[in-house]
$ cat run.tsv   # TSV, N, CA and C atoms and all ligand atoms
chain	number	residue	atom	x	y	z
A	646	MET	N	0.84	-1.19	0.00
A	646	MET	CA	0.00	0.00	0.00
A	646	MET	C	0.88	1.24	0.00
A	647	THR	N	0.46	2.24	-0.79
A	647	THR	CA	1.20	3.49	-0.87
A	647	THR	C	1.14	4.24	0.45
A	648	GLU	N	2.30	4.74	0.88
A	648	GLU	CA	2.32	5.62	2.05
A	648	GLU	C	2.10	7.04	1.55
A	649	HIS	N	1.01	7.65	1.95
A	649	HIS	CA	0.67	8.98	1.47
A	649	HIS	C	1.32	10.03	2.36
A	650	LYS	N	2.30	10.74	1.79
A	650	LYS	CA	2.97	11.79	2.54
A	650	LYS	C	2.40	13.17	2.21
A	651	THR	N	1.63	13.24	1.13
A	651	THR	CA	1.01	14.51	0.76
A	651	THR	C	-0.41	14.25	0.29
A	652	LEU	N	-1.21	15.31	0.26
A	652	LEU	CA	-2.57	15.19	-0.28
A	652	LEU	C	-2.52	14.83	-1.75
A	653	ASN	N	-1.48	15.28	-2.44
A	653	ASN	CA	-1.36	15.00	-3.87
A	653	ASN	C	-1.37	13.50	-4.16
A	654	THR	N	-0.68	12.72	-3.35
A	654	THR	CA	-0.66	11.28	-3.64
A	654	THR	C	-2.01	10.63	-3.34
A	655	VAL	N	-2.76	11.20	-2.42
A	655	VAL	CA	-4.11	10.69	-2.16
A	655	VAL	C	-4.99	10.94	-3.38
A	656	ILE	N	-4.89	12.15	-3.93
A	656	ILE	CA	-5.68	12.50	-5.12
A	656	ILE	C	-5.26	11.64	-6.31
A	657	HIS	N	-3.96	11.47	-6.47
A	657	HIS	CA	-3.47	10.63	-7.57
A	657	HIS	C	-4.00	9.20	-7.44
A	658	ALA	N	-4.02	8.69	-6.23
A	658	ALA	CA	-4.54	7.33	-6.01
A	658	ALA	C	-6.01	7.24	-6.42
A	659	ALA	N	-6.77	8.29	-6.15
A	659	ALA	CA	-8.19	8.30	-6.54
A	659	ALA	C	-8.31	8.29	-8.07
A	660	PHE	N	-7.46	9.04	-8.77
A	660	PHE	CA	-7.49	9.02	-10.24
A	660	PHE	C	-7.17	7.62	-10.76
A	661	ARG	N	-6.15	7.00	-10.20
A	661	ARG	CA	-5.79	5.64	-10.63
A	661	ARG	C	-6.95	4.67	-10.40
A	662	ARG	N	-7.54	4.75	-9.21
A	662	ARG	CA	-8.68	3.88	-8.88
A	662	ARG	C	-9.82	4.07	-9.86
A	663	ASP	N	-10.15	5.34	-10.14
A	663	ASP	CA	-11.29	5.61	-11.02
A	663	ASP	C	-11.03	5.17	-12.45
A	664	LEU	N	-9.81	5.32	-12.93
A	664	LEU	CA	-9.51	4.87	-14.29
A	664	LEU	C	-9.69	3.35	-14.42
A	665	ILE	N	-9.30	2.62	-13.40
A	665	ILE	CA	-9.53	1.16	-13.41
A	665	ILE	C	-11.02	0.86	-13.42
A	666	ARG	N	-11.77	1.61	-12.62
A	666	ARG	CA	-13.22	1.39	-12.57
A	666	ARG	C	-13.88	1.69	-13.93
A	667	PHE	N	-13.47	2.78	-14.58
A	667	PHE	CA	-14.04	3.08	-15.91
A	667	PHE	C	-13.69	1.99	-16.90
A	668	ASP	N	-12.45	1.53	-16.84
A	668	ASP	CA	-12.04	0.46	-17.77
A	668	ASP	C	-12.93	-0.77	-17.59
A	669	LYS	N	-13.12	-1.19	-16.37
A	669	LYS	CA	-13.94	-2.38	-16.10
A	669	LYS	C	-15.40	-2.16	-16.48
A	670	ALA	N	-15.92	-0.97	-16.19
A	670	ALA	CA	-17.33	-0.69	-16.49
A	670	ALA	C	-17.56	-0.67	-18.00
A	671	LEU	N	-16.62	-0.08	-18.74
A	671	LEU	CA	-16.80	-0.03	-20.20
A	671	LEU	C	-16.60	-1.41	-20.82
A	672	GLU	N	-15.66	-2.16	-20.27
A	672	GLU	CA	-15.43	-3.52	-20.77
A	672	GLU	C	-16.68	-4.39	-20.59
A	673	SER	N	-17.36	-4.22	-19.48
A	673	SER	CA	-18.50	-5.09	-19.18
A	673	SER	C	-19.83	-4.52	-19.65
A	674	PHE	N	-19.81	-3.35	-20.31
A	674	PHE	CA	-21.07	-2.75	-20.77
A	674	PHE	C	-21.74	-3.71	-21.74
A	675	ASP	N	-23.04	-3.97	-21.51
A	675	ASP	CA	-23.72	-4.98	-22.32
A	675	ASP	C	-24.47	-4.42	-23.52
A	676	GLY	N	-24.39	-3.10	-23.70
A	676	GLY	CA	-24.96	-2.51	-24.90
A	676	GLY	C	-26.46	-2.42	-24.92
A	677	THR	N	-27.08	-2.52	-23.77
A	677	THR	CA	-28.54	-2.53	-23.79
A	677	THR	C	-29.19	-1.43	-22.97
A	678	THR	N	-28.47	-0.75	-22.12
A	678	THR	CA	-29.16	0.17	-21.23
A	678	THR	C	-28.64	1.60	-21.36
A	679	GLN	N	-29.55	2.48	-21.70
A	679	GLN	CA	-29.22	3.91	-21.73
A	679	GLN	C	-28.93	4.40	-20.31
A	680	ALA	N	-29.66	3.85	-19.33
A	680	ALA	CA	-29.49	4.31	-17.95
A	680	ALA	C	-28.05	4.08	-17.48
A	681	ARG	N	-27.47	2.93	-17.83
A	681	ARG	CA	-26.09	2.65	-17.40
A	681	ARG	C	-25.12	3.58	-18.13
A	682	ALA	N	-25.36	3.84	-19.40
A	682	ALA	CA	-24.51	4.77	-20.13
A	682	ALA	C	-24.60	6.16	-19.53
A	683	ASP	N	-25.80	6.56	-19.12
A	683	ASP	CA	-25.97	7.86	-18.47
A	683	ASP	C	-25.19	7.92	-17.16
A	684	GLN	N	-25.25	6.84	-16.38
A	684	GLN	CA	-24.50	6.80	-15.11
A	684	GLN	C	-23.00	6.94	-15.36
A	685	LEU	N	-22.51	6.18	-16.33
A	685	LEU	CA	-21.08	6.22	-16.60
A	685	LEU	C	-20.65	7.59	-17.12
A	686	HIS	N	-21.47	8.20	-17.95
A	686	HIS	CA	-21.12	9.52	-18.46
A	686	HIS	C	-21.16	10.56	-17.35
A	687	TYR	N	-22.13	10.45	-16.47
A	687	TYR	CA	-22.21	11.37	-15.32
A	687	TYR	C	-20.94	11.24	-14.46
A	688	ALA	N	-20.57	10.00	-14.19
A	688	ALA	CA	-19.36	9.77	-13.39
A	688	ALA	C	-18.13	10.29	-14.14
A	689	TRP	N	-18.12	10.11	-15.47
A	689	TRP	CA	-16.98	10.59	-16.25
A	689	TRP	C	-16.85	12.10	-16.17
A	690	ARG	N	-17.97	12.78	-16.28
A	690	ARG	CA	-17.91	14.25	-16.23
A	690	ARG	C	-17.34	14.71	-14.90
A	691	ASN	N	-17.69	14.05	-13.82
A	691	ASN	CA	-17.12	14.41	-12.52
A	691	ASN	C	-15.61	14.11	-12.49
A	692	PHE	N	-15.23	12.94	-12.98
A	692	PHE	CA	-13.81	12.58	-13.03
A	692	PHE	C	-13.03	13.62	-13.83
A	693	ALA	N	-13.54	13.96	-15.02
A	693	ALA	CA	-12.84	14.90	-15.89
A	693	ALA	C	-12.73	16.27	-15.23
A	694	TYR	N	-13.79	16.69	-14.56
A	694	TYR	CA	-13.76	17.98	-13.86
A	694	TYR	C	-12.67	17.96	-12.78
A	695	GLN	N	-12.66	16.88	-11.99
A	695	GLN	CA	-11.68	16.79	-10.90
A	695	GLN	C	-10.25	16.75	-11.45
A	696	LEU	N	-10.06	16.04	-12.55
A	696	LEU	CA	-8.72	15.94	-13.13
A	696	LEU	C	-8.25	17.31	-13.64
A	697	ARG	N	-9.12	18.01	-14.33
A	697	ARG	CA	-8.75	19.34	-14.83
A	697	ARG	C	-8.47	20.29	-13.65
A	698	HIS	N	-9.34	20.28	-12.67
A	698	HIS	CA	-9.21	21.17	-11.51
A	698	HIS	C	-7.89	20.89	-10.78
A	699	HIS	N	-7.60	19.62	-10.57
A	699	HIS	CA	-6.37	19.24	-9.87
A	699	HIS	C	-5.14	19.77	-10.60
A	700	HIS	N	-5.13	19.60	-11.91
A	700	HIS	CA	-3.93	20.01	-12.64
A	700	HIS	C	-3.85	21.52	-12.81
A	701	GLU	N	-4.98	22.19	-12.85
A	701	GLU	CA	-4.93	23.66	-12.85
A	701	GLU	C	-4.35	24.16	-11.53
A	702	ASP	N	-4.74	23.53	-10.43
A	702	ASP	CA	-4.17	23.92	-9.13
A	702	ASP	C	-2.67	23.66	-9.09
A	703	GLU	N	-2.24	22.55	-9.65
A	703	GLU	CA	-0.80	22.29	-9.68
A	703	GLU	C	-0.06	23.41	-10.42
A	704	GLU	N	-0.63	23.80	-11.55
A	704	GLU	CA	0.04	24.81	-12.38
A	704	GLU	C	0.06	26.17	-11.70
A	705	THR	N	-1.00	26.50	-10.98
A	705	THR	CA	-1.09	27.85	-10.40
A	705	THR	C	-0.59	27.93	-8.96
A	706	ILE	N	-0.57	26.81	-8.24
A	706	ILE	CA	-0.17	26.84	-6.83
A	706	ILE	C	1.13	26.08	-6.59
A	707	PHE	N	1.15	24.83	-7.03
A	707	PHE	CA	2.26	23.94	-6.66
A	707	PHE	C	3.53	24.23	-7.45
A	708	TRP	N	3.40	24.36	-8.76
A	708	TRP	CA	4.61	24.53	-9.58
A	708	TRP	C	5.35	25.85	-9.28
A	709	PRO	N	4.65	26.96	-9.06
A	709	PRO	CA	5.39	28.17	-8.68
A	709	PRO	C	6.21	27.97	-7.41
A	710	ILE	N	5.67	27.20	-6.47
A	710	ILE	CA	6.43	26.94	-5.23
A	710	ILE	C	7.65	26.07	-5.54
A	711	LEU	N	7.44	25.08	-6.43
A	711	LEU	CA	8.59	24.25	-6.84
A	711	LEU	C	9.70	25.12	-7.42
A	712	ARG	N	9.30	26.07	-8.27
A	712	ARG	CA	10.30	26.95	-8.89
A	712	ARG	C	11.00	27.80	-7.83
A	713	GLU	N	10.24	28.30	-6.86
A	713	GLU	CA	10.84	29.10	-5.79
A	713	GLU	C	11.84	28.27	-4.98
A	714	LEU	N	11.56	26.98	-4.90
A	714	LEU	CA	12.46	26.10	-4.13
A	714	LEU	C	13.65	25.63	-4.95
A	715	GLY	N	13.71	26.09	-6.22
A	715	GLY	CA	14.90	25.80	-7.02
A	715	GLY	C	14.76	24.69	-8.04
A	716	ALA	N	13.53	24.27	-8.32
A	716	ALA	CA	13.36	23.24	-9.36
A	716	ALA	C	13.87	23.80	-10.69
A	717	SER	N	14.42	22.93	-11.49
A	717	SER	CA	15.02	23.36	-12.76
A	717	SER	C	13.95	23.75	-13.77
A	718	ASP	N	14.40	24.58	-14.73
A	718	ASP	CA	13.49	24.95	-15.82
A	718	ASP	C	13.10	23.72	-16.63
A	719	SER	N	14.04	22.79	-16.78
A	719	SER	CA	13.72	21.61	-17.59
A	719	SER	C	12.64	20.76	-16.92
A	720	LEU	N	12.66	20.70	-15.58
A	720	LEU	CA	11.60	19.96	-14.89
A	720	LEU	C	10.25	20.63	-15.13
A	721	SER	N	10.20	21.95	-15.03
A	721	SER	CA	8.96	22.68	-15.29
A	721	SER	C	8.48	22.44	-16.71
A	722	GLU	N	9.40	22.50	-17.65
A	722	GLU	CA	9.02	22.29	-19.05
A	722	GLU	C	8.50	20.87	-19.27
A	723	ASP	N	9.16	19.90	-18.65
A	723	ASP	CA	8.70	18.51	-18.78
A	723	ASP	C	7.28	18.35	-18.23
A	724	LEU	N	7.05	18.91	-17.04
A	724	LEU	CA	5.72	18.78	-16.42
A	724	LEU	C	4.65	19.49	-17.25
A	725	GLU	N	5.00	20.66	-17.78
A	725	GLU	CA	4.04	21.38	-18.63
A	725	GLU	C	3.71	20.57	-19.88
A	726	GLY	N	4.72	19.96	-20.47
A	726	GLY	CA	4.49	19.13	-21.65
A	726	GLY	C	3.61	17.93	-21.32
A	727	GLU	N	3.83	17.36	-20.16
A	727	GLU	CA	3.00	16.22	-19.74
A	727	GLU	C	1.55	16.66	-19.53
A	728	HIS	N	1.35	17.83	-18.97
A	728	HIS	CA	-0.02	18.33	-18.80
A	728	HIS	C	-0.69	18.56	-20.15
A	729	GLU	N	0.05	19.08	-21.11
A	729	GLU	CA	-0.53	19.28	-22.45
A	729	GLU	C	-0.96	17.96	-23.06
A	730	LYS	N	-0.12	16.95	-22.92
A	730	LYS	CA	-0.48	15.61	-23.46
A	730	LYS	C	-1.69	15.05	-22.71
A	731	MET	N	-1.70	15.24	-21.41
A	731	MET	CA	-2.82	14.74	-20.60
A	731	MET	C	-4.12	15.41	-21.02
A	732	LEU	N	-4.08	16.73	-21.23
A	732	LEU	CA	-5.30	17.45	-21.61
A	732	LEU	C	-5.79	17.00	-22.98
A	733	ALA	N	-4.87	16.77	-23.90
A	733	ALA	CA	-5.27	16.30	-25.24
A	733	ALA	C	-5.94	14.92	-25.13
A	734	ALA	N	-5.36	14.04	-24.33
A	734	ALA	CA	-5.95	12.70	-24.16
A	734	ALA	C	-7.28	12.80	-23.43
A	735	LEU	N	-7.38	13.73	-22.48
A	735	LEU	CA	-8.63	13.92	-21.75
A	735	LEU	C	-9.73	14.43	-22.69
A	736	GLU	N	-9.39	15.34	-23.57
A	736	GLU	CA	-10.39	15.84	-24.53
A	736	GLU	C	-10.88	14.70	-25.43
A	737	GLY	N	-9.97	13.83	-25.85
A	737	GLY	CA	-10.36	12.68	-26.66
A	737	GLY	C	-11.28	11.75	-25.89
A	738	ALA	N	-10.96	11.53	-24.64
A	738	ALA	CA	-11.80	10.65	-23.81
A	738	ALA	C	-13.16	11.30	-23.55
A	739	ASP	N	-13.16	12.62	-23.34
A	739	ASP	CA	-14.44	13.33	-23.17
A	739	ASP	C	-15.34	13.10	-24.38
A	740	ALA	N	-14.77	13.27	-25.56
A	740	ALA	CA	-15.55	13.13	-26.80
A	740	ALA	C	-16.05	11.69	-26.96
A	741	SER	N	-15.21	10.73	-26.66
A	741	SER	CA	-15.61	9.33	-26.80
A	741	SER	C	-16.68	8.95	-25.79
A	742	MET	N	-16.54	9.47	-24.57
A	742	MET	CA	-17.56	9.17	-23.56
A	742	MET	C	-18.89	9.83	-23.92
A	743	ALA	N	-18.85	11.03	-24.48
A	743	ALA	CA	-20.09	11.70	-24.89
A	743	ALA	C	-20.74	10.94	-26.05
A	744	ALA	N	-19.95	10.47	-26.98
A	744	ALA	CA	-20.50	9.70	-28.10
A	744	ALA	C	-21.12	8.40	-27.61
A	745	PHE	N	-20.47	7.79	-26.64
A	745	PHE	CA	-20.99	6.55	-26.03
A	745	PHE	C	-22.33	6.83	-25.35
A	746	GLN	N	-22.40	7.91	-24.60
A	746	GLN	CA	-23.64	8.21	-23.88
A	746	GLN	C	-24.77	8.54	-24.85
A	747	SER	N	-24.45	9.21	-25.95
A	747	SER	CA	-25.51	9.59	-26.89
A	747	SER	C	-26.04	8.39	-27.68
A	748	SER	N	-25.20	7.37	-27.82
A	748	SER	CA	-25.62	6.16	-28.52
A	748	SER	C	-24.90	4.96	-27.90
A	749	PRO	N	-25.45	4.43	-26.81
A	749	PRO	CA	-24.71	3.42	-26.04
A	749	PRO	C	-24.75	2.03	-26.67
A	750	ILE	N	-23.94	1.87	-27.67
A	750	ILE	CA	-23.78	0.57	-28.31
A	750	ILE	C	-22.39	0.05	-27.99
A	751	ASN	N	-22.19	-1.23	-28.17
A	751	ASN	CA	-20.92	-1.84	-27.76
A	751	ASN	C	-19.72	-1.23	-28.47
A	752	ASP	N	-19.87	-0.88	-29.76
A	752	ASP	CA	-18.74	-0.29	-30.47
A	752	ASP	C	-18.29	1.02	-29.82
A	753	ARG	N	-19.26	1.80	-29.40
A	753	ARG	CA	-18.91	3.08	-28.77
A	753	ARG	C	-18.37	2.88	-27.36
A	754	ALA	N	-18.84	1.87	-26.66
A	754	ALA	CA	-18.24	1.55	-25.36
A	754	ALA	C	-16.78	1.14	-25.56
A	755	GLY	N	-16.53	0.38	-26.62
A	755	GLY	CA	-15.16	-0.03	-26.92
A	755	GLY	C	-14.27	1.15	-27.28
A	756	ALA	N	-14.82	2.07	-28.07
A	756	ALA	CA	-14.05	3.26	-28.44
A	756	ALA	C	-13.78	4.12	-27.22
A	757	ALA	N	-14.77	4.24	-26.34
A	757	ALA	CA	-14.57	5.02	-25.11
A	757	ALA	C	-13.51	4.35	-24.23
A	758	ARG	N	-13.55	3.04	-24.17
A	758	ARG	CA	-12.56	2.31	-23.37
A	758	ARG	C	-11.15	2.54	-23.93
A	759	THR	N	-11.02	2.53	-25.24
A	759	THR	CA	-9.72	2.80	-25.86
A	759	THR	C	-9.24	4.21	-25.52
A	760	ALA	N	-10.15	5.18	-25.57
A	760	ALA	CA	-9.77	6.56	-25.26
A	760	ALA	C	-9.39	6.70	-23.79
A	761	VAL	N	-10.10	6.01	-22.91
A	761	VAL	CA	-9.76	6.06	-21.48
A	761	VAL	C	-8.40	5.40	-21.25
A	762	THR	N	-8.13	4.32	-21.97
A	762	THR	CA	-6.82	3.67	-21.85
A	762	THR	C	-5.71	4.61	-22.32
A	763	ARG	N	-5.97	5.34	-23.40
A	763	ARG	CA	-4.97	6.31	-23.89
A	763	ARG	C	-4.70	7.36	-22.82
A	764	LEU	N	-5.76	7.85	-22.21
A	764	LEU	CA	-5.58	8.82	-21.12
A	764	LEU	C	-4.81	8.19	-19.96
A	765	SER	N	-5.15	6.97	-19.62
A	765	SER	CA	-4.45	6.29	-18.52
A	765	SER	C	-2.96	6.19	-18.80
A	766	ASP	N	-2.61	5.83	-20.03
A	766	ASP	CA	-1.20	5.69	-20.37
A	766	ASP	C	-0.44	6.99	-20.11
A	767	VAL	N	-1.03	8.09	-20.55
A	767	VAL	CA	-0.37	9.40	-20.39
A	767	VAL	C	-0.38	9.84	-18.93
A	768	LEU	N	-1.53	9.68	-18.31
A	768	LEU	CA	-1.70	10.20	-16.95
A	768	LEU	C	-0.87	9.42	-15.93
A	769	LEU	N	-0.85	8.10	-16.04
A	769	LEU	CA	-0.13	7.32	-15.03
A	769	LEU	C	1.36	7.62	-15.07
A	770	ASP	N	1.92	7.80	-16.26
A	770	ASP	CA	3.33	8.19	-16.35
A	770	ASP	C	3.55	9.55	-15.69
A	771	HIS	N	2.63	10.46	-15.96
A	771	HIS	CA	2.77	11.80	-15.39
A	771	HIS	C	2.67	11.79	-13.87
A	772	LEU	N	1.71	11.06	-13.34
A	772	LEU	CA	1.55	11.00	-11.89
A	772	LEU	C	2.79	10.41	-11.23
A	773	ALA	N	3.33	9.39	-11.84
A	773	ALA	CA	4.55	8.78	-11.30
A	773	ALA	C	5.69	9.79	-11.32
A	774	HIS	N	5.80	10.55	-12.40
A	774	HIS	CA	6.85	11.56	-12.50
A	774	HIS	C	6.69	12.62	-11.40
A	775	GLU	N	5.48	13.07	-11.20
A	775	GLU	CA	5.25	14.09	-10.17
A	775	GLU	C	5.60	13.56	-8.77
A	776	GLU	N	5.26	12.31	-8.54
A	776	GLU	CA	5.51	11.75	-7.21
A	776	GLU	C	6.99	11.49	-7.01
B	1	FE	FE	0.05	17.12	-12.84
$ encode --input "run.tsv" --output "structure tokens"
Amino acid sequence: MTEHKTLNTVIHAAFRRDLIRFDKALESFDGTTQARADQLHYAWRNFAYQLRHHHEDEETIFWPILRELGASDSLSEDLEGEHEKMLAALEGADASMAAFQSSPINDRAGAARTAVTRLSDVLLDHLAHEE
């Protein structure tokens, strides 16, 4: 079990947990219920909001403190680049989840799962780097 020394690692753990839950929920979607697609999209919108909010706070609160403490410019540039990649993947996942909710068929659940996996790949590397 991760030893949480900061609130940031607690939040990161929640993102990791939720990405696994979305993956499993989309994998097991049976293609028959609009209500389940609505639930998953509702949960996704909350996840996406929290992810954006968290990273905006890092950029406006945490990173300036890192710079004051002497973090290198290259570290800042690397983290900024990772956020840009994360936001691009998040926008793709947002679009795929919205398409899935508007027409909850198995193909769209699969496409949404692929987009969430793409976001996971980018985000998990970034979270590990930050930690
Ligand atoms: Fe971040």
$ residues_around --input "run.tsv" --residues "stretch 727-731 of chain A" --least-positions-apart "5" --cutoff "7 Å" --atoms "only N, CA and C atoms" --output "PyMOL selection string"
chain A and resi 722+736+764+767-768+771
$ closest_atom_pairs --input "run.tsv" --of "chain A" --to "ligand FE 1 (chain B)" --cutoff "7 Å" --atoms "only C-alpha atoms and all ligand atoms" --output "CSV"
residue,atom,partner,partner_atom,distance
A:His700,CA,B:FE1,FE,4.9
A:Glu703,CA,B:FE1,FE,6.1
A:Leu724,CA,B:FE1,FE,6.9
A:His728,CA,B:FE1,FE,6.1
A:His771,CA,B:FE1,FE,6.5
A:Leu772,CA,B:FE1,FE,6.4
A:Glu775,CA,B:FE1,FE,6.6
$ atom_distance --input "run.tsv" --atom1 "atom CA of A:Arg666" --atom2 "atom CA of A:Glu776"
22.1 Å
$ atom_distance --input "run.tsv" --atom1 "atom N of A:Val655" --atom2 "atom CA of A:Glu704"
17.1 Å
$ select_by_dssp --input "run.tsv" --residues "stretch 660-759 of chain A" --states "alpha helix (DSSP H)" --output "PyMOL selection string"
chain A and resi 660-672+679-702+708-713+718-747+751-759
$ closest_residue --input "run.tsv" --among "A:Gly715, A:Thr705, A:Asp739, A:Leu685" --to "A:Ala670" --atoms "only C-alpha atoms"
A:Leu685
$ closest_residue --input "run.tsv" --among "A:Ala773, A:Leu732, A:Ala659, A:Ala757" --to "A:Arg697" --atoms "only N, CA and C atoms"
A:Leu732
$ atom_distance --input "run.tsv" --atom1 "atom C of A:Asn751" --atom2 "atom CA of A:Ser673"
10.1 Å
$ residues_near_point --input "run.tsv" --point "(-7.8, 2.3, -16.5)" --cutoff "9 Å" --atoms "only C-alpha atoms" --output "PDB file with N, CA and C atoms, in the frame of the given file"
ATOM      1  N   ARG A 661      -6.150   7.000 -10.200  1.00  0.00           N
ATOM      2  CA  ARG A 661      -5.790   5.640 -10.630  1.00  0.00           C
ATOM      3  C   ARG A 661      -6.950   4.670 -10.400  1.00  0.00           C
ATOM      4  N   ARG A 662      -7.540   4.750  -9.210  1.00  0.00           N
ATOM      5  CA  ARG A 662      -8.680   3.880  -8.880  1.00  0.00           C
ATOM      6  C   ARG A 662      -9.820   4.070  -9.860  1.00  0.00           C
ATOM      7  N   ASP A 663     -10.150   5.340 -10.140  1.00  0.00           N
ATOM      8  CA  ASP A 663     -11.290   5.610 -11.020  1.00  0.00           C
ATOM      9  C   ASP A 663     -11.030   5.170 -12.450  1.00  0.00           C
ATOM     10  N   LEU A 664      -9.810   5.320 -12.930  1.00  0.00           N
ATOM     11  CA  LEU A 664      -9.510   4.870 -14.290  1.00  0.00           C
ATOM     12  C   LEU A 664      -9.690   3.350 -14.420  1.00  0.00           C
ATOM     13  N   ILE A 665      -9.300   2.620 -13.400  1.00  0.00           N
ATOM     14  CA  ILE A 665      -9.530   1.160 -13.410  1.00  0.00           C
ATOM     15  C   ILE A 665     -11.020   0.860 -13.420  1.00  0.00           C
ATOM     16  N   ARG A 666     -11.770   1.610 -12.620  1.00  0.00           N
ATOM     17  CA  ARG A 666     -13.220   1.390 -12.570  1.00  0.00           C
ATOM     18  C   ARG A 666     -13.880   1.690 -13.930  1.00  0.00           C
ATOM     19  N   PHE A 667     -13.470   2.780 -14.580  1.00  0.00           N
ATOM     20  CA  PHE A 667     -14.040   3.080 -15.910  1.00  0.00           C
ATOM     21  C   PHE A 667     -13.690   1.990 -16.900  1.00  0.00           C
ATOM     22  N   ASP A 668     -12.450   1.530 -16.840  1.00  0.00           N
ATOM     23  CA  ASP A 668     -12.040   0.460 -17.770  1.00  0.00           C
ATOM     24  C   ASP A 668     -12.930  -0.770 -17.590  1.00  0.00           C
ATOM     25  N   LYS A 669     -13.120  -1.190 -16.370  1.00  0.00           N
ATOM     26  CA  LYS A 669     -13.940  -2.380 -16.100  1.00  0.00           C
ATOM     27  C   LYS A 669     -15.400  -2.160 -16.480  1.00  0.00           C
ATOM     28  N   ARG A 758     -13.550   3.040 -24.170  1.00  0.00           N
ATOM     29  CA  ARG A 758     -12.560   2.310 -23.370  1.00  0.00           C
ATOM     30  C   ARG A 758     -11.150   2.540 -23.930  1.00  0.00           C
ATOM     31  N   VAL A 761     -10.100   6.010 -22.910  1.00  0.00           N
ATOM     32  CA  VAL A 761      -9.760   6.060 -21.480  1.00  0.00           C
ATOM     33  C   VAL A 761      -8.400   5.400 -21.250  1.00  0.00           C
ATOM     34  N   THR A 762      -8.130   4.320 -21.970  1.00  0.00           N
ATOM     35  CA  THR A 762      -6.820   3.670 -21.850  1.00  0.00           C
ATOM     36  C   THR A 762      -5.710   4.610 -22.320  1.00  0.00           C
ATOM     37  N   ARG A 763      -5.970   5.340 -23.400  1.00  0.00           N
ATOM     38  CA  ARG A 763      -4.970   6.310 -23.890  1.00  0.00           C
ATOM     39  C   ARG A 763      -4.700   7.360 -22.820  1.00  0.00           C
ATOM     40  N   LEU A 764      -5.760   7.850 -22.210  1.00  0.00           N
ATOM     41  CA  LEU A 764      -5.580   8.820 -21.120  1.00  0.00           C
ATOM     42  C   LEU A 764      -4.810   8.190 -19.960  1.00  0.00           C
ATOM     43  N   SER A 765      -5.150   6.970 -19.620  1.00  0.00           N
ATOM     44  CA  SER A 765      -4.450   6.290 -18.520  1.00  0.00           C
ATOM     45  C   SER A 765      -2.960   6.190 -18.800  1.00  0.00           C
ATOM     46  N   ASP A 766      -2.610   5.830 -20.030  1.00  0.00           N
ATOM     47  CA  ASP A 766      -1.200   5.690 -20.370  1.00  0.00           C
ATOM     48  C   ASP A 766      -0.440   6.990 -20.110  1.00  0.00           C
TER      49      ASP A 766
END
$ closest_residue --input "run.tsv" --among "A:His686, A:His699, A:Arg681, A:His774" --to "A:Leu652" --atoms "only C-alpha atoms"
A:His699
